[in-house]
$ cat coords-v4.tsv   # TSV, C-alpha atoms
chain	number	residue	atom	x	y	z
A	1	MET	CA	114.37	41.01	109.36
A	2	TRP	CA	114.09	40.19	113.06
A	3	ALA	CA	110.77	38.96	114.38
A	4	ALA	CA	109.19	41.23	116.97
A	5	ARG	CA	109.52	39.97	120.51
A	6	PRO	CA	106.63	40.17	122.99
A	7	CYS	CA	108.26	42.83	125.17
A	8	GLY	CA	109.97	44.75	122.36
A	9	GLY	CA	110.03	48.47	122.96
A	10	ARG	CA	108.98	48.27	126.61
A	11	ARG	CA	110.54	50.94	128.81
A	12	VAL	CA	112.17	49.43	131.86
A	13	ALA	CA	113.30	51.80	134.62
A	14	LEU	CA	116.23	50.49	136.66
A	15	GLN	CA	116.78	52.00	140.07
A	16	LEU	CA	119.51	49.75	141.40
A	17	ALA	CA	122.97	50.29	142.83
A	18	ASN	CA	125.83	48.72	140.88
A	19	SER	CA	125.32	45.01	141.47
A	20	PRO	CA	124.87	41.68	139.69
A	21	GLU	CA	121.11	42.37	139.71
A	22	TYR	CA	121.68	45.65	137.84
A	23	LEU	CA	123.74	43.92	135.16
A	24	ALA	CA	121.21	41.12	134.78
A	25	ALA	CA	118.28	43.54	134.51
A	26	PHE	CA	120.13	45.91	132.14
A	27	TYR	CA	121.32	43.27	129.68
A	28	GLY	CA	118.15	41.22	130.02
A	29	THR	CA	116.12	44.26	128.99
A	30	LEU	CA	118.35	44.89	125.99
A	31	LEU	CA	118.21	41.23	124.92
A	32	ALA	CA	114.41	41.41	125.07
A	33	ASP	CA	114.48	44.46	122.77
A	34	GLY	CA	113.43	46.76	125.61
A	35	VAL	CA	114.59	50.28	126.41
A	36	VAL	CA	116.53	50.83	129.65
A	37	VAL	CA	115.83	53.97	131.69
A	38	PRO	CA	118.59	54.04	134.36
A	39	LEU	CA	117.69	55.98	137.51
A	40	PRO	CA	120.14	56.86	140.30
A	41	VAL	CA	119.34	55.28	143.65
A	42	GLY	CA	119.61	58.61	145.50
A	43	LEU	CA	117.33	60.51	143.12
A	44	GLU	CA	115.34	63.27	144.84
A	45	ARG	CA	111.57	62.89	144.81
A	46	ARG	CA	110.69	65.86	142.56
A	47	ARG	CA	113.26	64.94	139.92
A	48	ARG	CA	112.17	61.28	140.02
A	49	GLN	CA	108.57	62.31	139.39
A	50	GLU	CA	109.62	64.44	136.41
A	51	ILE	CA	111.58	61.57	134.87
A	52	HIS	CA	108.70	59.14	135.39
A	53	ALA	CA	106.24	61.60	133.86
A	54	LEU	CA	108.44	62.03	130.77
A	55	CYS	CA	109.51	58.40	130.30
A	56	ARG	CA	106.38	56.59	131.50
A	57	PRO	CA	108.23	53.33	132.21
A	58	ASP	CA	106.25	50.13	131.85
A	59	VAL	CA	108.25	48.40	134.58
A	60	LEU	CA	110.41	49.54	137.51
A	61	ILE	CA	113.11	47.14	138.66
A	62	SER	CA	114.76	47.89	141.98
A	63	ARG	CA	115.56	46.55	145.43
A	64	ARG	CA	113.16	47.07	148.29
A	65	GLN	CA	115.73	49.15	150.19
A	66	ASP	CA	116.31	51.40	147.13
A	67	ILE	CA	112.68	52.45	146.58
A	68	ASN	CA	109.66	53.55	148.56
A	69	SER	CA	105.96	52.83	148.09
A	70	GLU	CA	105.37	56.06	146.10
A	71	GLU	CA	107.80	54.96	143.41
A	72	GLN	CA	106.27	51.52	143.18
A	73	GLU	CA	102.95	53.08	142.19
A	74	SER	CA	104.50	55.19	139.41
A	75	ALA	CA	105.24	52.27	137.12
A	76	THR	CA	102.85	49.71	135.67
A	77	ALA	CA	104.67	46.86	137.40
A	78	THR	CA	107.45	46.78	139.98
A	79	PHE	CA	109.93	44.00	140.45
A	80	ALA	CA	111.97	44.26	143.63
A	81	PHE	CA	114.93	42.08	144.55
A	82	GLY	CA	115.56	41.07	148.14

$ encode --input "coords-v4.tsv" --output "structure tokens"
Amino acid sequence: MWAARPCGGRRVALQLANSPEYLAAFYGTLLADGVVVPLPVGLERRRRQEIHALCRPDVLISRRQDINSEEQESATATFAFG
């Protein structure tokens, strides 16, 4: 049986356009036994809030130009590229 990894089961929301950063974050999350919650970059505010309320992501990974300050506060931690 596989040993549990420190971040196993963590929910990681990705709000990135198709890019090398998206691929790195997506596969890095899977390799760390995390769960990927992909979010479209152009997601409307109300729908985004509903998804965050249902999924409760532990981390949001995005680019500064793809998110605003309200979204950064909805996840436990935010990592922004660029």

$ residues_near_point --input "coords-v4.tsv" --point "(113.4, 43.4, 127.1)" --cutoff "10 Å" --atoms "all atoms listed in the file" --output "VMD selection string"
chain A and resid 5 to 12 25 to 36

$ closest_residue --input "coords-v4.tsv" --among "A:Gln65, A:Val41, A:Cys55, A:Arg48" --to "Asn18 (chain A)" --atoms "all atoms listed in the file"
A:Val41

$ atom_distance --input "coords-v4.tsv" --atom1 "CA of Glu44 (chain A)" --atom2 "CA of Pro20 (chain A)"
24.2 Å

$ closest_residue --input "coords-v4.tsv" --among "A:Glu21, A:Pro38, A:Leu16, A:Arg64" --to "His52 (chain A)" --atoms "only C-alpha atoms"
A:Pro38

$ atom_distance --input "coords-v4.tsv" --atom1 "CA of Leu60 (chain A)" --atom2 "CA of Ala13 (chain A)"
4.7 Å

$ atom_distance --input "coords-v4.tsv" --atom1 "CA of Ile51 (chain A)" --atom2 "CA of Arg63 (chain A)"
18.8 Å

$ build_atoms --input "coords-v4.tsv" --residues "region 11-23 of chain A" --atoms "N, CA, C and O atoms" --output "PDB file, in the frame of the given file"
ATOM      1  N   ARG A  11     109.614  50.090 128.054  1.00  0.00           N
ATOM      2  CA  ARG A  11     110.540  50.940 128.810  1.00  0.00           C
ATOM      3  C   ARG A  11     110.669  50.367 130.211  1.00  0.00           C
ATOM      4  O   ARG A  11     109.673  50.237 130.934  1.00  0.00           O
ATOM      5  N   VAL A  12     111.893  50.029 130.565  1.00  0.00           N
ATOM      6  CA  VAL A  12     112.170  49.430 131.860  1.00  0.00           C
ATOM      7  C   VAL A  12     113.058  50.372 132.656  1.00  0.00           C
ATOM      8  O   VAL A  12     114.193  50.645 132.270  1.00  0.00           O
ATOM      9  N   ALA A  13     112.530  50.925 133.741  1.00  0.00           N
ATOM     10  CA  ALA A  13     113.300  51.800 134.620  1.00  0.00           C
ATOM     11  C   ALA A  13     114.090  50.930 135.600  1.00  0.00           C
ATOM     12  O   ALA A  13     113.538  50.016 136.208  1.00  0.00           O
ATOM     13  N   LEU A  14     115.377  51.203 135.715  1.00  0.00           N
ATOM     14  CA  LEU A  14     116.230  50.490 136.660  1.00  0.00           C
ATOM     15  C   LEU A  14     116.691  51.454 137.727  1.00  0.00           C
ATOM     16  O   LEU A  14     117.362  52.444 137.440  1.00  0.00           O
ATOM     17  N   GLN A  15     116.313  51.193 138.955  1.00  0.00           N
ATOM     18  CA  GLN A  15     116.780  52.000 140.070  1.00  0.00           C
ATOM     19  C   GLN A  15     117.480  51.055 141.038  1.00  0.00           C
ATOM     20  O   GLN A  15     116.932  50.632 142.048  1.00  0.00           O
ATOM     21  N   LEU A  16     118.701  50.708 140.647  1.00  0.00           N
ATOM     22  CA  LEU A  16     119.510  49.750 141.400  1.00  0.00           C
ATOM     23  C   LEU A  16     120.925  50.298 141.542  1.00  0.00           C
ATOM     24  O   LEU A  16     121.438  50.951 140.630  1.00  0.00           O
ATOM     25  N   ALA A  17     121.553  50.000 142.678  1.00  0.00           N
ATOM     26  CA  ALA A  17     122.970  50.290 142.830  1.00  0.00           C
ATOM     27  C   ALA A  17     123.750  49.319 141.948  1.00  0.00           C
ATOM     28  O   ALA A  17     123.209  48.301 141.495  1.00  0.00           O
ATOM     29  N   ASN A  18     125.006  49.636 141.675  1.00  0.00           N
ATOM     30  CA  ASN A  18     125.830  48.720 140.880  1.00  0.00           C
ATOM     31  C   ASN A  18     125.870  47.364 141.572  1.00  0.00           C
ATOM     32  O   ASN A  18     126.261  47.270 142.734  1.00  0.00           O
ATOM     33  N   SER A  19     125.435  46.336 140.878  1.00  0.00           N
ATOM     34  CA  SER A  19     125.320  45.010 141.470  1.00  0.00           C
ATOM     35  C   SER A  19     125.100  43.997 140.357  1.00  0.00           C
ATOM     36  O   SER A  19     124.805  44.361 139.216  1.00  0.00           O
ATOM     37  N   PRO A  20     125.197  42.706 140.685  1.00  0.00           N
ATOM     38  CA  PRO A  20     124.870  41.680 139.690  1.00  0.00           C
ATOM     39  C   PRO A  20     123.423  41.796 139.203  1.00  0.00           C
ATOM     40  O   PRO A  20     123.135  41.563 138.039  1.00  0.00           O
ATOM     41  N   GLU A  21     122.511  42.199 140.102  1.00  0.00           N
ATOM     42  CA  GLU A  21     121.110  42.370 139.710  1.00  0.00           C
ATOM     43  C   GLU A  21     120.958  43.464 138.662  1.00  0.00           C
ATOM     44  O   GLU A  21     120.169  43.338 137.734  1.00  0.00           O
ATOM     45  N   TYR A  22     121.735  44.559 138.819  1.00  0.00           N
ATOM     46  CA  TYR A  22     121.680  45.650 137.840  1.00  0.00           C
ATOM     47  C   TYR A  22     122.125  45.153 136.471  1.00  0.00           C
ATOM     48  O   TYR A  22     121.463  45.408 135.474  1.00  0.00           O
ATOM     49  N   LEU A  23     123.247  44.447 136.434  1.00  0.00           N
ATOM     50  CA  LEU A  23     123.740  43.920 135.160  1.00  0.00           C
ATOM     51  C   LEU A  23     122.746  42.967 134.517  1.00  0.00           C
ATOM     52  O   LEU A  23     122.490  43.044 133.313  1.00  0.00           O
TER      53      LEU A  23
END
